[in-house]
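Text of query_11.pdb, listed as PDB, C-alpha atoms:
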ATOM      1  CA  MET P  14     202.882 -51.417 163.981
ATOM      2  CA  ASN P  15     201.307 -53.691 166.591
ATOM      3  CA  LYS P  16     198.064 -53.850 164.591
ATOM      4  CA  PHE P  17     200.031 -54.889 161.521
ATOM      5  CA  ILE P  18     201.772 -57.706 163.389
ATOM      6  CA  VAL P  19     198.513 -58.935 164.917
ATOM      7  CA  THR P  20     196.796 -58.828 161.522
ATOM      8  CA  MET P  21     199.624 -60.791 159.909
ATOM      9  CA  LEU P  22     199.544 -63.392 162.676
ATOM     10  CA  LEU P  23     195.794 -63.788 162.219
ATOM     11  CA  LEU P  24     196.091 -64.118 158.430
ATOM     12  CA  PHE P  25     199.080 -66.461 158.465
ATOM     13  CA  PRO P  26     197.073 -69.663 159.128
ATOM     14  CA  ALA P  27     194.696 -68.841 156.254
ATOM     15  CA  VAL P  28     197.594 -68.297 153.880
ATOM     16  CA  THR P  29     199.203 -71.537 155.008
ATOM     17  CA  LEU P  30     195.992 -73.493 154.428
ATOM     18  CA  ALA P  31     195.603 -71.974 150.982
ATOM     19  CA  GLN P  32     199.196 -72.880 150.152
ATOM     20  CA  GLN P  33     198.664 -76.434 151.395
ATOM     21  CA  ASP P  34     195.547 -76.744 149.258
ATOM     22  CA  MET P  35     197.397 -75.450 146.205
ATOM     23  CA  MET P  36     200.267 -77.871 146.821
ATOM     24  CA  ALA P  37     197.818 -80.775 147.127
ATOM     25  CA  GLN P  38     196.182 -79.830 143.822
ATOM     26  CA  MET P  39     199.571 -79.556 142.142
ATOM     27  CA  GLN P  40     200.581 -82.950 143.502
ATOM     28  CA  GLU P  41     197.327 -84.448 142.214
ATOM     29  CA  MET P  42     198.029 -82.991 138.772
ATOM     30  CA  SER P  43     201.598 -84.259 138.874
ATOM     31  CA  LEU P  44     200.443 -87.790 139.710
ATOM     32  CA  CYS P  45     197.950 -87.613 136.878
ATOM     33  CA  MET P  46     200.653 -86.475 134.441
ATOM     34  CA  GLN P  47     202.890 -89.357 135.548
ATOM     35  CA  SER P  48     200.198 -91.761 134.359
ATOM     36  CA  ILE P  49     200.658 -90.555 130.771
ATOM     37  CA  ASP P  50     202.383 -93.089 128.577
ATOM     38  CA  GLN P  51     205.634 -91.408 127.553
ATOM     39  CA  LYS P  52     205.939 -93.650 124.489
ATOM     40  CA  GLU P  53     202.548 -92.398 123.257
ATOM     41  CA  LEU P  54     203.612 -88.824 123.899
ATOM     42  CA  LYS P  55     206.873 -89.337 122.007
ATOM     43  CA  ALA P  56     204.996 -90.984 119.129
ATOM     44  CA  LEU P  57     202.666 -87.981 118.980
ATOM     45  CA  GLU P  58     205.661 -85.646 118.917
ATOM     46  CA  ASN P  59     207.224 -87.674 116.090
ATOM     47  CA  ASP P  60     203.921 -87.605 114.169
ATOM     48  CA  SER P  61     203.772 -83.827 114.599
ATOM     49  CA  ASN P  62     207.324 -83.375 113.339
ATOM     50  CA  GLN P  63     206.652 -85.614 110.344
ATOM     51  CA  PHE P  64     203.413 -83.739 109.654
ATOM     52  CA  SER P  65     205.228 -80.395 109.685
ATOM     53  CA  THR P  66     207.834 -81.676 107.258
ATOM     54  CA  GLU P  67     205.216 -83.116 104.887
ATOM     55  CA  ILE P  68     203.126 -79.958 104.949
ATOM     56  CA  LYS P  69     206.143 -77.758 104.232
ATOM     57  CA  GLU P  70     207.138 -79.977 101.307
ATOM     58  CA  LEU P  71     203.607 -79.917  99.880
ATOM     59  CA  CYS P  72     203.336 -76.162 100.259
ATOM     60  CA  ASP P  73     206.765 -75.618  98.694
ATOM     61  CA  ALA P  74     205.666 -77.797  95.757
ATOM     62  CA  GLY P  75     202.532 -75.668  95.294
ATOM     63  CA  LYS P  76     200.213 -78.499  96.384
ATOM     64  CA  HIS P  77     198.142 -76.305  98.662
ATOM     65  CA  ASP P  78     194.926 -78.332  98.388
ATOM     66  CA  GLU P  79     196.696 -81.569  99.296
ATOM     67  CA  ALA P  80     198.443 -79.844 102.203
ATOM     68  CA  GLN P  81     195.103 -78.465 103.378
ATOM     69  CA  GLU P  82     193.482 -81.906 103.280
ATOM     70  CA  LYS P  83     196.365 -83.433 105.277
ATOM     71  CA  ALA P  84     196.172 -80.601 107.813
ATOM     72  CA  LEU P  85     192.450 -81.161 108.387
ATOM     73  CA  LYS P  86     192.982 -84.911 108.862
ATOM     74  CA  PHE P  87     195.860 -84.316 111.236
ATOM     75  CA  SER P  88     193.833 -81.798 113.256
ATOM     76  CA  ARG P  89     191.064 -84.347 113.743
ATOM     77  CA  LYS P  90     193.620 -86.985 114.730
ATOM     78  CA  MET P  91     195.092 -84.645 117.334
ATOM     79  CA  MET P  92     191.662 -83.834 118.760
ATOM     80  CA  ASP P  93     191.050 -87.536 119.327
ATOM     81  CA  ALA P  94     194.519 -88.447 120.630
ATOM     82  CA  PRO P  95     194.045 -90.224 123.981
ATOM     83  CA  VAL P  96     197.298 -88.848 125.376
ATOM     84  CA  LEU P  97     196.154 -85.253 124.780
ATOM     85  CA  LYS P  98     192.751 -85.986 126.300
ATOM     86  CA  THR P  99     194.496 -87.325 129.402
ATOM     87  CA  MET P 100     196.761 -84.268 129.569
ATOM     88  CA  ARG P 101     193.735 -81.964 129.388
ATOM     89  CA  LYS P 102     192.087 -83.865 132.260
ATOM     90  CA  CYS P 103     195.267 -83.595 134.309
ATOM     91  CA  MET P 104     195.497 -79.855 133.692
ATOM     92  CA  GLU P 105     191.964 -79.419 135.024
ATOM     93  CA  LYS P 106     193.322 -80.454 138.438
ATOM     94  CA  LEU P 107     195.671 -77.485 138.485
ATOM     95  CA  PRO P 108     194.697 -74.624 140.805
ATOM     96  CA  ASP P 109     193.146 -71.688 138.958
ATOM     97  CA  SER P 110     195.942 -69.410 140.123
ATOM     98  CA  MET P 111     198.485 -71.628 138.335
ATOM     99  CA  LYS P 112     196.617 -72.217 135.051
ATOM    100  CA  GLY P 113     198.087 -69.127 133.399
ATOM    101  CA  MET P 114     201.583 -70.508 133.915
ATOM    102  CA  MET P 115     200.906 -73.723 132.014
ATOM    103  CA  PRO P 116     200.357 -74.248 128.290
ATOM    104  CA  ASN P 117     196.758 -74.014 127.172
ATOM    105  CA  MET P 118     195.505 -77.574 126.581
ATOM    106  CA  ASP P 119     192.166 -76.477 125.225
ATOM    107  CA  PRO P 120     191.572 -78.518 122.044
ATOM    108  CA  GLU P 121     190.686 -75.394 120.096
ATOM    109  CA  GLU P 122     194.036 -73.881 121.065
ATOM    110  CA  ILE P 123     196.038 -77.011 120.271
ATOM    111  CA  VAL P 124     194.423 -77.874 116.978
ATOM    112  CA  LYS P 125     194.318 -75.245 114.283
ATOM    113  CA  ASP P 126     191.093 -74.594 112.437
ATOM    114  CA  TYR P 127     192.079 -74.826 108.795
ATOM    115  CA  SER P 128     188.533 -74.509 107.507
ATOM    116  CA  LYS P 129     188.841 -70.716 107.146
ATOM    117  CA  HIS P 130     192.357 -70.454 105.719
ATOM    118  CA  ASN P 131     194.974 -72.599 104.033
ATOM    119  CA  VAL P 132     197.733 -74.184 106.077
ATOM    120  CA  CYS P 133     200.299 -72.980 103.534
ATOM    121  CA  ASP P 134     199.459 -69.377 104.429
ATOM    122  CA  GLU P 135     201.149 -69.903 107.822
ATOM    123  CA  ILE P 136     204.415 -71.262 106.534
TER     124      ILE P 136
END

Could the structure of this file be written out as structure tokens, please?
Amino acid sequence: MNKFIVTMLLLFPAVTLAQQDMMAQMQEMSLCMQSIDQKELKALENDSNQFSTEIKELCDAGKHDEAQEKALKFSRKMMDAPVLKTMRKCMEKLPDSMKGMMPNMDPEEIVKDYSKHNVCDEI
């Protein structure tokens, strides 16, 4: 029992330093995220909602080729969106141990690759 207590007392400072480091990284990420223009983010959300509606309407009307073309254009637009680029940079500041808890901001995960299948197949 005494060995356990001594071991814990010796390890406690290391754990505390690791926690402080993780908190500093999280604070750095939080500050970075605060720099994101919320109006741009809201505009991107609105664009995404409008895109979804348009794609569904095109697919429902049997205009699969037109829907596919719009989906490819929208994917490229999303890849180049400054607000998403900033978010990805902010997420890089997150400690590795926390990355699994946050949404994946990898461009390949955010933007669908519609070159191999039609967008209407997912609706």

Sel. within 12 Å of pt (195.5, -88.6, 124.9), counting all atoms listed in the file, output as a ChimeraX atom specification: /P:46,48-57,90-103,118,120

d(CA of Asp134 (chain P), CA of Asn59 (chain P)) in Å: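 Between CA of Asp134 (chain P) and CA of Asn59 (chain P) the gap works out to 23.0 Å.
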
Neighbour list for Ile136 (chain P) as number ranges by chain, cut-off 9 Å, all atoms listed in the file, skip fewer than 2 positions in-chain: P: 68-69, 72, 132-134

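As for CA of Phe64 (chain P) and CA of Phe87 (chain P), they are spaced 7.7 Å apart.
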
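Pairwise distance (CA of Glu58 (chain P), CA of Gln81 (chain P)) equals 20.1 Å.
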
Adding 6 Å on each side of the box along x, y and z that holds all listed atoms of region 32-41 of chain P, could you give its centre and edge lengths in Å to one decimal, as JSON?
{"center_x": 198.1, "center_y": -78.7, "center_z": 146.8, "size_x": 17.0, "size_y": 23.6, "size_z": 21.3}

Nearby residues (all atoms listed in the file) at most 12 Å from His130 (chain P), same-chain spacing under 6 positions excluded, as a PyMOL selection string: chain P and resi 77-78+80-82+84-85
